[in-house]
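Participant: Provided below: target.cif, containing mmCIF, N, CA and C atoms.
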```
data_coords
#
loop_
_atom_site.group_PDB
_atom_site.id
_atom_site.type_symbol
_atom_site.label_atom_id
_atom_site.label_comp_id
_atom_site.auth_asym_id
_atom_site.auth_seq_id
_atom_site.Cartn_x
_atom_site.Cartn_y
_atom_site.Cartn_z
ATOM 1 N N MET A 780 105.359 84.534 125.989
ATOM 2 C CA MET A 780 105.710 84.905 124.626
ATOM 3 C C MET A 780 105.248 86.340 124.375
ATOM 4 N N PRO A 781 106.131 87.196 123.820
ATOM 5 C CA PRO A 781 105.742 88.587 123.572
ATOM 6 C C PRO A 781 104.667 88.670 122.489
ATOM 7 N N ARG A 782 103.855 89.694 122.613
ATOM 8 C CA ARG A 782 102.785 89.927 121.644
ATOM 9 C C ARG A 782 103.386 90.334 120.303
ATOM 10 N N LYS A 783 102.779 89.905 119.224
ATOM 11 C CA LYS A 783 103.215 90.293 117.880
ATOM 12 C C LYS A 783 102.973 91.785 117.676
ATOM 13 N N LYS A 784 103.735 92.359 116.750
ATOM 14 C CA LYS A 784 103.644 93.794 116.475
ATOM 15 C C LYS A 784 103.418 94.003 114.984
ATOM 16 N N VAL A 785 102.403 94.796 114.666
ATOM 17 C CA VAL A 785 102.070 95.110 113.284
ATOM 18 C C VAL A 785 102.186 96.613 113.082
ATOM 19 N N THR A 786 102.902 97.013 112.048
ATOM 20 C CA THR A 786 102.972 98.418 111.662
ATOM 21 C C THR A 786 102.065 98.622 110.465
ATOM 22 N N ILE A 787 101.246 99.664 110.545
ATOM 23 C CA ILE A 787 100.415 100.059 109.417
ATOM 24 C C ILE A 787 100.904 101.423 108.957
ATOM 25 N N VAL A 788 101.395 101.472 107.727
ATOM 26 C CA VAL A 788 101.892 102.721 107.147
ATOM 27 C C VAL A 788 100.735 103.333 106.368
ATOM 28 N N GLY A 789 100.280 104.475 106.854
ATOM 29 C CA GLY A 789 99.125 105.136 106.262
ATOM 30 C C GLY A 789 97.920 104.914 107.154
ATOM 31 N N ALA A 790 97.461 105.957 107.793
ATOM 32 C CA ALA A 790 96.374 105.823 108.772
ATOM 33 C C ALA A 790 95.079 106.449 108.279
ATOM 34 N N GLY A 791 94.885 106.440 106.984
ATOM 35 C CA GLY A 791 93.633 106.954 106.430
ATOM 36 C C GLY A 791 92.491 105.986 106.684
ATOM 37 N N MET A 792 91.516 105.973 105.800
ATOM 38 C CA MET A 792 90.343 105.125 105.989
ATOM 39 C C MET A 792 90.726 103.643 106.076
ATOM 40 N N THR A 793 91.541 103.179 105.163
ATOM 41 C CA THR A 793 91.913 101.759 105.144
ATOM 42 C C THR A 793 92.809 101.400 106.319
ATOM 43 N N GLY A 794 93.888 102.149 106.502
ATOM 44 C CA GLY A 794 94.816 101.861 107.591
ATOM 45 C C GLY A 794 94.178 102.010 108.961
ATOM 46 N N GLY A 795 93.363 103.043 109.116
ATOM 47 C CA GLY A 795 92.679 103.248 110.387
ATOM 48 C C GLY A 795 91.711 102.127 110.712
ATOM 49 N N ALA A 796 90.973 101.665 109.702
ATOM 50 C CA ALA A 796 90.030 100.563 109.917
ATOM 51 C C ALA A 796 90.764 99.270 110.257
ATOM 52 N N MET A 797 91.881 99.016 109.586
ATOM 53 C CA MET A 797 92.669 97.811 109.877
ATOM 54 C C MET A 797 93.188 97.852 111.315
ATOM 55 N N ALA A 798 93.703 98.999 111.718
ATOM 56 C CA ALA A 798 94.223 99.139 113.076
ATOM 57 C C ALA A 798 93.117 98.908 114.100
ATOM 58 N N GLN A 799 91.960 99.478 113.860
ATOM 59 C CA GLN A 799 90.839 99.320 114.791
ATOM 60 C C GLN A 799 90.460 97.848 114.949
ATOM 61 N N ARG A 800 90.356 97.129 113.851
ATOM 62 C CA ARG A 800 89.978 95.709 113.928
ATOM 63 C C ARG A 800 91.029 94.898 114.683
ATOM 64 N N LEU A 801 92.298 95.161 114.403
ATOM 65 C CA LEU A 801 93.367 94.411 115.062
ATOM 66 C C LEU A 801 93.376 94.637 116.572
ATOM 67 N N VAL A 802 93.292 95.894 116.997
ATOM 68 C CA VAL A 802 93.374 96.154 118.437
ATOM 69 C C VAL A 802 92.128 95.688 119.170
ATOM 70 N N GLU A 803 90.968 95.848 118.574
ATOM 71 C CA GLU A 803 89.740 95.439 119.260
ATOM 72 C C GLU A 803 89.632 93.929 119.402
ATOM 73 N N ARG A 804 90.294 93.197 118.534
ATOM 74 C CA ARG A 804 90.298 91.734 118.647
ATOM 75 C C ARG A 804 91.448 91.236 119.514
ATOM 76 N N ASP A 805 92.274 92.197 120.027
ATOM 77 C CA ASP A 805 93.369 91.863 120.939
ATOM 78 C C ASP A 805 94.367 90.898 120.290
ATOM 79 N N ILE A 806 94.602 91.086 118.992
ATOM 80 C CA ILE A 806 95.456 90.181 118.226
ATOM 81 C C ILE A 806 96.935 90.534 118.350
ATOM 82 N N CYS A 807 97.248 91.831 118.307
ATOM 83 C CA CYS A 807 98.645 92.263 118.271
ATOM 84 C C CYS A 807 98.723 93.725 118.675
ATOM 85 N N ASP A 808 99.935 94.167 118.989
ATOM 86 C CA ASP A 808 100.170 95.589 119.184
ATOM 87 C C ASP A 808 100.276 96.236 117.814
ATOM 88 N N VAL A 809 99.893 97.508 117.733
ATOM 89 C CA VAL A 809 99.837 98.190 116.441
ATOM 90 C C VAL A 809 100.582 99.514 116.509
ATOM 91 N N VAL A 810 101.348 99.783 115.456
ATOM 92 C CA VAL A 810 101.985 101.083 115.268
ATOM 93 C C VAL A 810 101.374 101.702 114.016
ATOM 94 N N LEU A 811 100.785 102.879 114.162
ATOM 95 C CA LEU A 811 100.261 103.629 113.020
ATOM 96 C C LEU A 811 101.324 104.638 112.614
ATOM 97 N N GLN A 812 101.903 104.461 111.445
ATOM 98 C CA GLN A 812 102.934 105.367 110.964
ATOM 99 C C GLN A 812 102.364 106.178 109.809
ATOM 100 N N ASP A 813 102.544 107.474 109.877
ATOM 101 C CA ASP A 813 102.112 108.326 108.769
ATOM 102 C C ASP A 813 102.978 109.573 108.748
ATOM 103 N N ASP A 814 102.905 110.287 107.649
ATOM 104 C CA ASP A 814 103.689 111.496 107.447
ATOM 105 C C ASP A 814 102.801 112.693 107.752
ATOM 106 N N PRO A 815 103.192 113.519 108.728
ATOM 107 C CA PRO A 815 102.354 114.664 109.082
ATOM 108 C C PRO A 815 102.131 115.634 107.923
ATOM 109 N N GLN A 816 103.009 115.595 106.931
ATOM 110 C CA GLN A 816 102.844 116.442 105.753
ATOM 111 C C GLN A 816 101.526 116.103 105.047
ATOM 112 N N PHE A 817 101.126 114.837 105.091
ATOM 113 C CA PHE A 817 99.900 114.400 104.436
ATOM 114 C C PHE A 817 98.768 114.151 105.427
ATOM 115 N N ALA A 818 99.102 113.627 106.603
ATOM 116 C CA ALA A 818 98.075 113.196 107.552
ATOM 117 C C ALA A 818 97.822 114.176 108.682
ATOM 118 N N GLY A 819 98.666 115.188 108.805
ATOM 119 C CA GLY A 819 98.526 116.077 109.962
ATOM 120 C C GLY A 819 98.755 115.261 111.231
ATOM 121 N N THR A 820 97.804 115.327 112.147
ATOM 122 C CA THR A 820 97.911 114.554 113.392
ATOM 123 C C THR A 820 96.838 113.471 113.465
ATOM 124 N N MET A 821 96.200 113.182 112.356
ATOM 125 C CA MET A 821 95.100 112.226 112.324
ATOM 126 C C MET A 821 95.489 110.878 112.923
ATOM 127 N N HIS A 822 96.660 110.352 112.581
ATOM 128 C CA HIS A 822 97.072 109.046 113.080
ATOM 129 C C HIS A 822 97.256 109.045 114.592
ATOM 130 N N HIS A 823 97.695 110.165 115.137
ATOM 131 C CA HIS A 823 97.824 110.281 116.597
ATOM 132 C C HIS A 823 96.444 110.254 117.250
ATOM 133 N N GLY A 824 95.490 110.938 116.642
ATOM 134 C CA GLY A 824 94.122 110.942 117.166
ATOM 135 C C GLY A 824 93.486 109.570 117.124
ATOM 136 N N LYS A 825 93.695 108.844 116.028
ATOM 137 C CA LYS A 825 93.126 107.495 115.916
ATOM 138 C C LYS A 825 93.720 106.567 116.970
ATOM 139 N N ALA A 826 95.031 106.646 117.171
ATOM 140 C CA ALA A 826 95.671 105.802 118.181
ATOM 141 C C ALA A 826 95.167 106.154 119.580
ATOM 142 N N LEU A 827 95.007 107.433 119.853
ATOM 143 C CA LEU A 827 94.507 107.864 121.161
ATOM 144 C C LEU A 827 93.069 107.389 121.373
ATOM 145 N N ASP A 828 92.235 107.519 120.358
ATOM 146 C CA ASP A 828 90.849 107.051 120.456
ATOM 147 C C ASP A 828 90.792 105.565 120.803
ATOM 148 N N GLU A 829 91.586 104.766 120.099
ATOM 149 C CA GLU A 829 91.580 103.326 120.353
ATOM 150 C C GLU A 829 92.136 102.994 121.734
ATOM 151 N N SER A 830 93.186 103.697 122.152
ATOM 152 C CA SER A 830 93.750 103.462 123.487
ATOM 153 C C SER A 830 92.730 103.755 124.575
ATOM 154 N N GLN A 831 91.974 104.831 124.387
ATOM 155 C CA GLN A 831 90.982 105.203 125.390
ATOM 156 C C GLN A 831 89.765 104.289 125.380
ATOM 157 N N ALA A 832 89.548 103.576 124.279
ATOM 158 C CA ALA A 832 88.433 102.625 124.198
ATOM 159 C C ALA A 832 88.775 101.291 124.861
ATOM 160 N N ALA A 833 90.051 101.033 125.096
ATOM 161 C CA ALA A 833 90.494 99.734 125.611
ATOM 162 C C ALA A 833 89.773 99.313 126.895
ATOM 163 N N PRO A 834 89.699 100.156 127.920
ATOM 164 C CA PRO A 834 89.028 99.710 129.146
ATOM 165 C C PRO A 834 87.542 99.389 128.918
ATOM 166 N N TRP A 835 86.913 100.151 128.079
ATOM 167 C CA TRP A 835 85.484 99.957 127.802
ATOM 168 C C TRP A 835 85.249 98.695 126.973
ATOM 169 N N GLU A 836 86.083 98.497 125.938
ATOM 170 C CA GLU A 836 85.917 97.360 125.035
ATOM 171 C C GLU A 836 86.586 96.085 125.554
ATOM 172 N N GLY A 837 87.477 96.226 126.537
ATOM 173 C CA GLY A 837 88.079 95.061 127.165
ATOM 174 C C GLY A 837 89.239 94.432 126.416
ATOM 175 N N PHE A 838 90.052 95.249 125.773
ATOM 176 C CA PHE A 838 91.252 94.701 125.127
ATOM 177 C C PHE A 838 92.489 95.332 125.733
ATOM 178 N N SER A 839 93.606 94.605 125.638
ATOM 179 C CA SER A 839 94.847 95.089 126.250
ATOM 180 C C SER A 839 95.904 95.462 125.222
ATOM 181 N N THR A 840 95.518 95.478 123.971
ATOM 182 C CA THR A 840 96.439 95.808 122.896
ATOM 183 C C THR A 840 97.016 97.206 123.079
ATOM 184 N N ARG A 841 98.285 97.358 122.721
ATOM 185 C CA ARG A 841 98.947 98.670 122.740
ATOM 186 C C ARG A 841 98.918 99.219 121.325
ATOM 187 N N ILE A 842 98.442 100.444 121.164
ATOM 188 C CA ILE A 842 98.469 101.105 119.858
ATOM 189 C C ILE A 842 99.125 102.459 120.031
ATOM 190 N N VAL A 843 100.077 102.751 119.164
ATOM 191 C CA VAL A 843 100.788 104.024 119.190
ATOM 192 C C VAL A 843 100.845 104.585 117.777
ATOM 193 N N ALA A 844 101.021 105.879 117.699
ATOM 194 C CA ALA A 844 101.195 106.545 116.406
ATOM 195 C C ALA A 844 102.577 107.171 116.372
ATOM 196 N N THR A 845 103.134 107.250 115.184
ATOM 197 C CA THR A 845 104.459 107.849 115.032
ATOM 198 C C THR A 845 104.565 108.540 113.684
ATOM 199 N N ASP A 846 105.355 109.599 113.663
ATOM 200 C CA ASP A 846 105.654 110.312 112.424
ATOM 201 C C ASP A 846 106.914 109.746 111.779
ATOM 202 N N GLY A 847 107.706 109.041 112.563
ATOM 203 C CA GLY A 847 108.983 108.522 112.079
ATOM 204 C C GLY A 847 108.946 107.013 111.929
ATOM 205 N N TRP A 848 110.118 106.408 112.074
ATOM 206 C CA TRP A 848 110.236 104.971 111.841
ATOM 207 C C TRP A 848 110.749 104.194 113.045
ATOM 208 N N GLU A 849 111.220 104.877 114.085
ATOM 209 C CA GLU A 849 111.812 104.198 115.230
ATOM 210 C C GLU A 849 110.844 103.208 115.876
ATOM 211 N N GLU A 850 109.609 103.619 116.073
ATOM 212 C CA GLU A 850 108.601 102.768 116.723
ATOM 213 C C GLU A 850 108.277 101.528 115.906
ATOM 214 N N THR A 851 108.576 101.547 114.618
ATOM 215 C CA THR A 851 108.241 100.407 113.755
ATOM 216 C C THR A 851 109.258 99.277 113.839
ATOM 217 N N ALA A 852 110.412 99.556 114.452
ATOM 218 C CA ALA A 852 111.469 98.543 114.552
ATOM 219 C C ALA A 852 110.944 97.289 115.240
ATOM 220 N N GLY A 853 111.313 96.150 114.715
ATOM 221 C CA GLY A 853 110.915 94.884 115.313
ATOM 222 C C GLY A 853 109.510 94.438 114.949
ATOM 223 N N SER A 854 108.901 95.095 113.993
ATOM 224 C CA SER A 854 107.545 94.700 113.584
ATOM 225 C C SER A 854 107.578 93.311 112.945
ATOM 226 N N ASP A 855 106.585 92.509 113.264
ATOM 227 C CA ASP A 855 106.451 91.188 112.660
ATOM 228 C C ASP A 855 105.817 91.285 111.281
ATOM 229 N N VAL A 856 104.967 92.282 111.100
ATOM 230 C CA VAL A 856 104.276 92.506 109.829
ATOM 231 C C VAL A 856 104.223 94.007 109.587
ATOM 232 N N VAL A 857 104.429 94.419 108.333
ATOM 233 C CA VAL A 857 104.256 95.818 107.938
ATOM 234 C C VAL A 857 103.254 95.839 106.788
ATOM 235 N N VAL A 858 102.184 96.612 106.973
ATOM 236 C CA VAL A 858 101.145 96.753 105.955
ATOM 237 C C VAL A 858 101.208 98.184 105.436
ATOM 238 N N VAL A 859 101.353 98.345 104.129
ATOM 239 C CA VAL A 859 101.427 99.675 103.530
ATOM 240 C C VAL A 859 100.088 99.983 102.875
ATOM 241 N N THR A 860 99.367 100.937 103.472
ATOM 242 C CA THR A 860 98.091 101.371 102.892
ATOM 243 C C THR A 860 98.209 102.764 102.301
ATOM 244 N N ALA A 861 99.323 103.434 102.564
ATOM 245 C CA ALA A 861 99.533 104.782 102.053
ATOM 246 C C ALA A 861 99.840 104.730 100.564
ATOM 247 N N GLY A 862 99.467 105.763 99.874
ATOM 248 C CA GLY A 862 99.776 105.819 98.451
ATOM 249 C C GLY A 862 99.287 107.114 97.844
ATOM 250 N N ALA A 863 99.690 107.338 96.627
ATOM 251 C CA ALA A 863 99.256 108.528 95.903
ATOM 252 C C ALA A 863 97.776 108.411 95.566
ATOM 253 N N LEU A 864 97.149 109.538 95.405
ATOM 254 C CA LEU A 864 95.740 109.557 95.027
ATOM 255 C C LEU A 864 95.592 109.323 93.532
ATOM 256 N N ARG A 865 94.507 108.717 93.163
ATOM 257 C CA ARG A 865 94.209 108.484 91.745
ATOM 258 C C ARG A 865 93.730 109.787 91.117
ATOM 259 N N LYS A 866 94.342 110.145 90.003
ATOM 260 C CA LYS A 866 94.005 111.383 89.308
ATOM 261 C C LYS A 866 92.921 111.116 88.264
ATOM 262 N N PRO A 867 92.163 112.141 87.901
ATOM 263 C CA PRO A 867 91.130 111.949 86.874
ATOM 264 C C PRO A 867 91.733 111.369 85.593
ATOM 265 N N GLY A 868 91.076 110.351 85.052
ATOM 266 C CA GLY A 868 91.531 109.717 83.826
ATOM 267 C C GLY A 868 92.607 108.666 84.016
ATOM 268 N N MET A 869 93.113 108.508 85.234
ATOM 269 C CA MET A 869 94.180 107.553 85.517
ATOM 270 C C MET A 869 93.568 106.165 85.732
ATOM 271 N N SER A 870 94.156 105.163 85.101
ATOM 272 C CA SER A 870 93.670 103.793 85.299
ATOM 273 C C SER A 870 94.175 103.268 86.639
ATOM 274 N N ARG A 871 93.549 102.212 87.116
ATOM 275 C CA ARG A 871 93.994 101.581 88.359
ATOM 276 C C ARG A 871 95.405 101.011 88.189
ATOM 277 N N GLU A 872 95.703 100.514 87.005
ATOM 278 C CA GLU A 872 97.033 99.974 86.742
ATOM 279 C C GLU A 872 98.087 101.078 86.801
ATOM 280 N N GLU A 873 97.780 102.248 86.257
ATOM 281 C CA GLU A 873 98.717 103.374 86.324
ATOM 282 C C GLU A 873 98.941 103.791 87.784
ATOM 283 N N LEU A 874 97.878 103.807 88.574
ATOM 284 C CA LEU A 874 98.000 104.138 89.992
ATOM 285 C C LEU A 874 98.871 103.101 90.703
ATOM 286 N N LEU A 875 98.621 101.832 90.440
ATOM 287 C CA LEU A 875 99.410 100.763 91.041
ATOM 288 C C LEU A 875 100.877 100.890 90.674
ATOM 289 N N ASN A 876 101.171 101.107 89.405
ATOM 290 C CA ASN A 876 102.565 101.241 88.962
ATOM 291 C C ASN A 876 103.239 102.450 89.589
ATOM 292 N N GLY A 877 102.519 103.555 89.709
ATOM 293 C CA GLY A 877 103.080 104.752 90.340
ATOM 294 C C GLY A 877 103.386 104.534 91.811
ATOM 295 N N ASN A 878 102.466 103.882 92.517
ATOM 296 C CA ASN A 878 102.693 103.603 93.936
ATOM 297 C C ASN A 878 103.813 102.586 94.127
ATOM 298 N N ALA A 879 103.912 101.608 93.238
ATOM 299 C CA ALA A 879 104.998 100.633 93.315
ATOM 300 C C ALA A 879 106.349 101.325 93.144
ATOM 301 N N GLU A 880 106.408 102.293 92.259
ATOM 302 C CA GLU A 880 107.655 103.040 92.054
ATOM 303 C C GLU A 880 108.043 103.829 93.296
ATOM 304 N N ILE A 881 107.056 104.398 93.982
ATOM 305 C CA ILE A 881 107.325 105.123 95.239
ATOM 306 C C ILE A 881 107.925 104.173 96.268
ATOM 307 N N VAL A 882 107.340 102.988 96.423
ATOM 308 C CA VAL A 882 107.835 102.015 97.383
ATOM 309 C C VAL A 882 109.251 101.580 97.022
ATOM 310 N N ARG A 883 109.509 101.313 95.759
ATOM 311 C CA ARG A 883 110.852 100.897 95.323
ATOM 312 C C ARG A 883 111.898 101.967 95.599
ATOM 313 N N SER A 884 111.514 103.232 95.509
ATOM 314 C CA SER A 884 112.479 104.319 95.692
ATOM 315 C C SER A 884 112.863 104.524 97.150
ATOM 316 N N LYS A 885 112.111 103.981 98.062
ATOM 317 C CA LYS A 885 112.377 104.165 99.490
ATOM 318 C C LYS A 885 113.275 103.073 99.941
#
```
What would the structure in this file look like if it were written as C-alpha cells?
Facilitator:
Amino acid sequence: MPRKKVTIVGAGMTGGAMAQRLVERDICDVVLQDDPQFAGTMHHGKALDESQAAPWEGFSTRIVATDGWEETAGSDVVVVTAGALRKPGMSREELLNGNAEIVRSK
C-alpha cells in the first residue's frame, strides 16, 4: 500500500513544526508548499534539513518543498497554516474572517 501524502501550505513556525513531527514519526510523505514572495527559500531549507536527518533519526519519510502546486497533486490531506499577519488592534475574529476570505478567493 502506498504511503499517505500530506501537503502543508505555509512552512513557517506552525507548518514547519507539523512537517517535522509527521516525518520523524514516519507517518506519511510531506510536501511543504509556500510562496517565495513571503517565505523566500525557508521551506526548501526545512525540507532539506529533515531529509538529511532521516538516516540519523531512522525514518524513511519523503519530504519535499515546492513553490508551486504540482507536487501537491494526489495529497490525502492538505493543511493550511499560511495566512495574513494580525495587525495591531485587529481581533482574532477579524483575522479569521480575513484569512477565510483569502481561502475562498483561491
Participant: Here's the selection I'm unsure about, the PyMOL selection byres ((chain A and resi 853) around 8); applied to the file above, which residues does it give, as a PyMOL selection string?
Facilitator: chain A and resi 783-786+849-852+854-856
Participant: Restricted to N, CA and C atoms, what would the selected residues look like written as a PDB file, in the frame of the given file?
Facilitator:
```pdb
ATOM      1  N   LYS A 783     102.779  89.905 119.224  1.00  0.00           N
ATOM      2  CA  LYS A 783     103.215  90.293 117.880  1.00  0.00           C
ATOM      3  C   LYS A 783     102.973  91.785 117.676  1.00  0.00           C
ATOM      4  N   LYS A 784     103.735  92.359 116.750  1.00  0.00           N
ATOM      5  CA  LYS A 784     103.644  93.794 116.475  1.00  0.00           C
ATOM      6  C   LYS A 784     103.418  94.003 114.984  1.00  0.00           C
ATOM      7  N   VAL A 785     102.403  94.796 114.666  1.00  0.00           N
ATOM      8  CA  VAL A 785     102.070  95.110 113.284  1.00  0.00           C
ATOM      9  C   VAL A 785     102.186  96.613 113.082  1.00  0.00           C
ATOM     10  N   THR A 786     102.902  97.013 112.048  1.00  0.00           N
ATOM     11  CA  THR A 786     102.972  98.418 111.662  1.00  0.00           C
ATOM     12  C   THR A 786     102.065  98.622 110.465  1.00  0.00           C
ATOM     13  N   GLU A 849     111.220 104.877 114.085  1.00  0.00           N
ATOM     14  CA  GLU A 849     111.812 104.198 115.230  1.00  0.00           C
ATOM     15  C   GLU A 849     110.844 103.208 115.876  1.00  0.00           C
ATOM     16  N   GLU A 850     109.609 103.619 116.073  1.00  0.00           N
ATOM     17  CA  GLU A 850     108.601 102.768 116.723  1.00  0.00           C
ATOM     18  C   GLU A 850     108.277 101.528 115.906  1.00  0.00           C
ATOM     19  N   THR A 851     108.576 101.547 114.618  1.00  0.00           N
ATOM     20  CA  THR A 851     108.241 100.407 113.755  1.00  0.00           C
ATOM     21  C   THR A 851     109.258  99.277 113.839  1.00  0.00           C
ATOM     22  N   ALA A 852     110.412  99.556 114.452  1.00  0.00           N
ATOM     23  CA  ALA A 852     111.469  98.543 114.552  1.00  0.00           C
ATOM     24  C   ALA A 852     110.944  97.289 115.240  1.00  0.00           C
ATOM     25  N   SER A 854     108.901  95.095 113.993  1.00  0.00           N
ATOM     26  CA  SER A 854     107.545  94.700 113.584  1.00  0.00           C
ATOM     27  C   SER A 854     107.578  93.311 112.945  1.00  0.00           C
ATOM     28  N   ASP A 855     106.585  92.509 113.264  1.00  0.00           N
ATOM     29  CA  ASP A 855     106.451  91.188 112.660  1.00  0.00           C
ATOM     30  C   ASP A 855     105.817  91.285 111.281  1.00  0.00           C
ATOM     31  N   VAL A 856     104.967  92.282 111.100  1.00  0.00           N
ATOM     32  CA  VAL A 856     104.276  92.506 109.829  1.00  0.00           C
ATOM     33  C   VAL A 856     104.223  94.007 109.587  1.00  0.00           C
TER      34      VAL A 856
END
```
Participant: So, counting all atoms listed in the file, which residue among A:Gln812, A:Gln799, A:Ser830, A:Thr793 is closest to Thr845 in chain A?
Facilitator: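 Answer, going by the shortest atom-to-atom distance: A:Gln812.
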Participant: Write out as a list in words each polymer residue whose atoms come within 8 Å of Glu803 in chain A, counting all atoms listed in the file; drop sequence neighbours fewer than 2 positions from it.
Facilitator: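 Here the answer would be Met797, Ala798, Gln799, Arg800, Leu801, Asp805, Ile806, Cys807, Glu829, Ala833, Glu836, Gly837, Phe838, Ser839 and Thr840 of chain A.
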Participant: Name the closest residue to Val809 in chain A among the candidates A:Ile787, A:Lys866, A:Asn876, A:Ala832; distances are taken between atoms, counting all atoms listed in the file.
Facilitator: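 Closest to Val809 in chain A of all the choices is A:Ile787.
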Participant: In Å, rounded to a single decimal, give me how far atom C of Ala861 in chain A is from CA of Leu874 in chain A.
Facilitator: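 CA of Leu874 in chain A sits 10.7 Å away from atom C of Ala861 in chain A.
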Participant: Name the residues of chain A that come out as strand (DSSP E or B) in a backbone DSSP run; write them as an MDAnalysis selection string.
Facilitator: chainID A and resid 784:788 808:812 842:845 856:859
Participant: Expand the PyMOL selection byres (((chain A and resi 842 and name CA) around 6) and name CA) into the individual residues it matches in the shown file, reporting them as a ChimeraX atom specification.
Facilitator: /A:808-810,826,841,843
Participant: Among chain A, which residues does DSSP mark as alpha helix (DSSP H) when it is run on the backbone? Keep the chain and numbering as in the structure and answer as a PyMOL selection string.
Facilitator: chain A and resi 792-803+815-818+821-836+871-884
Participant: Using only N, CA and C atoms, can you tell me which of A:Pro815, A:Gly868, A:Leu827, A:Gly862 comes closest to Gly847 in chain A?
Facilitator: A:Pro815
Participant: Using only C-alpha atoms, pick whichever of A:Ala818, A:Gly824, A:Ser884, A:Met869 has the shortest atom-to-atom distance to Val788 in chain A.
Facilitator: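 Answer, going by the shortest atom-to-atom distance: A:Ala818.
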Participant: Grab the atom C of Phe817 in chain A to atom N of Val857 in chain A distance for me, in Å with one decimal place.
Facilitator: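 Between these atoms lies a distance of 20.7 Å.
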Participant: So what do you get for atom C of Asp846 in chain A versus atom N of Asp814 in chain A, distance-wise?
Facilitator: 5.8 Å
Participant: Save N, CA, C and O atoms of range 818-831 of chain A from the block above as a PDB file, in the first residue's frame.
Facilitator:
```
ATOM      1  N   ALA A 818       7.988  33.560   1.818  1.00  0.00           N
ATOM      2  CA  ALA A 818       8.842  32.640   2.569  1.00  0.00           C
ATOM      3  C   ALA A 818      10.284  32.605   2.096  1.00  0.00           C
ATOM      4  O   ALA A 818      11.119  31.993   2.746  1.00  0.00           O
ATOM      5  N   GLY A 819      10.565  33.232   0.967  1.00  0.00           N
ATOM      6  CA  GLY A 819      11.918  33.107   0.417  1.00  0.00           C
ATOM      7  C   GLY A 819      12.173  31.640   0.086  1.00  0.00           C
ATOM      8  O   GLY A 819      11.367  31.002  -0.588  1.00  0.00           O
ATOM      9  N   THR A 820      13.262  31.104   0.611  1.00  0.00           N
ATOM     10  CA  THR A 820      13.583  29.689   0.381  1.00  0.00           C
ATOM     11  C   THR A 820      13.497  28.884   1.676  1.00  0.00           C
ATOM     12  O   THR A 820      13.968  27.757   1.730  1.00  0.00           O
ATOM     13  N   MET A 821      12.890  29.448   2.693  1.00  0.00           N
ATOM     14  CA  MET A 821      12.822  28.809   4.001  1.00  0.00           C
ATOM     15  C   MET A 821      12.246  27.398   3.925  1.00  0.00           C
ATOM     16  O   MET A 821      12.778  26.467   4.538  1.00  0.00           O
ATOM     17  N   HIS A 822      11.165  27.199   3.180  1.00  0.00           N
ATOM     18  CA  HIS A 822      10.537  25.885   3.101  1.00  0.00           C
ATOM     19  C   HIS A 822      11.453  24.853   2.454  1.00  0.00           C
ATOM     20  O   HIS A 822      11.461  23.697   2.843  1.00  0.00           O
ATOM     21  N   HIS A 823      12.266  25.291   1.510  1.00  0.00           N
ATOM     22  CA  HIS A 823      13.241  24.382   0.889  1.00  0.00           C
ATOM     23  C   HIS A 823      14.301  23.973   1.908  1.00  0.00           C
ATOM     24  O   HIS A 823      14.700  22.808   1.960  1.00  0.00           O
ATOM     25  N   GLY A 824      14.744  24.923   2.713  1.00  0.00           N
ATOM     26  CA  GLY A 824      15.731  24.623   3.753  1.00  0.00           C
ATOM     27  C   GLY A 824      15.196  23.668   4.797  1.00  0.00           C
ATOM     28  O   GLY A 824      15.898  22.744   5.230  1.00  0.00           O
ATOM     29  N   LYS A 825      13.946  23.869   5.211  1.00  0.00           N
ATOM     30  CA  LYS A 825      13.346  22.975   6.209  1.00  0.00           C
ATOM     31  C   LYS A 825      13.223  21.556   5.663  1.00  0.00           C
ATOM     32  O   LYS A 825      13.504  20.589   6.366  1.00  0.00           O
ATOM     33  N   ALA A 826      12.792  21.428   4.413  1.00  0.00           N
ATOM     34  CA  ALA A 826      12.667  20.100   3.811  1.00  0.00           C
ATOM     35  C   ALA A 826      14.035  19.430   3.689  1.00  0.00           C
ATOM     36  O   ALA A 826      14.184  18.239   3.975  1.00  0.00           O
ATOM     37  N   LEU A 827      15.041  20.191   3.307  1.00  0.00           N
ATOM     38  CA  LEU A 827      16.392  19.641   3.183  1.00  0.00           C
ATOM     39  C   LEU A 827      16.925  19.203   4.548  1.00  0.00           C
ATOM     40  O   LEU A 827      17.507  18.120   4.684  1.00  0.00           O
ATOM     41  N   ASP A 828      16.718  20.018   5.566  1.00  0.00           N
ATOM     42  CA  ASP A 828      17.155  19.660   6.918  1.00  0.00           C
ATOM     43  C   ASP A 828      16.539  18.336   7.365  1.00  0.00           C
ATOM     44  O   ASP A 828      17.224  17.460   7.895  1.00  0.00           O
ATOM     45  N   GLU A 829      15.234  18.196   7.161  1.00  0.00           N
ATOM     46  CA  GLU A 829      14.561  16.965   7.576  1.00  0.00           C
ATOM     47  C   GLU A 829      15.022  15.765   6.755  1.00  0.00           C
ATOM     48  O   GLU A 829      15.210  14.675   7.300  1.00  0.00           O
ATOM     49  N   SER A 830      15.221  15.958   5.454  1.00  0.00           N
ATOM     50  CA  SER A 830      15.705  14.860   4.608  1.00  0.00           C
ATOM     51  C   SER A 830      17.072  14.377   5.061  1.00  0.00           C
ATOM     52  O   SER A 830      17.343  13.177   5.095  1.00  0.00           O
ATOM     53  N   GLN A 831      17.932  15.324   5.423  1.00  0.00           N
ATOM     54  CA  GLN A 831      19.277  14.956   5.851  1.00  0.00           C
ATOM     55  C   GLN A 831      19.301  14.337   7.242  1.00  0.00           C
ATOM     56  O   GLN A 831      20.244  13.638   7.599  1.00  0.00           O
TER      57      GLN A 831
END
```
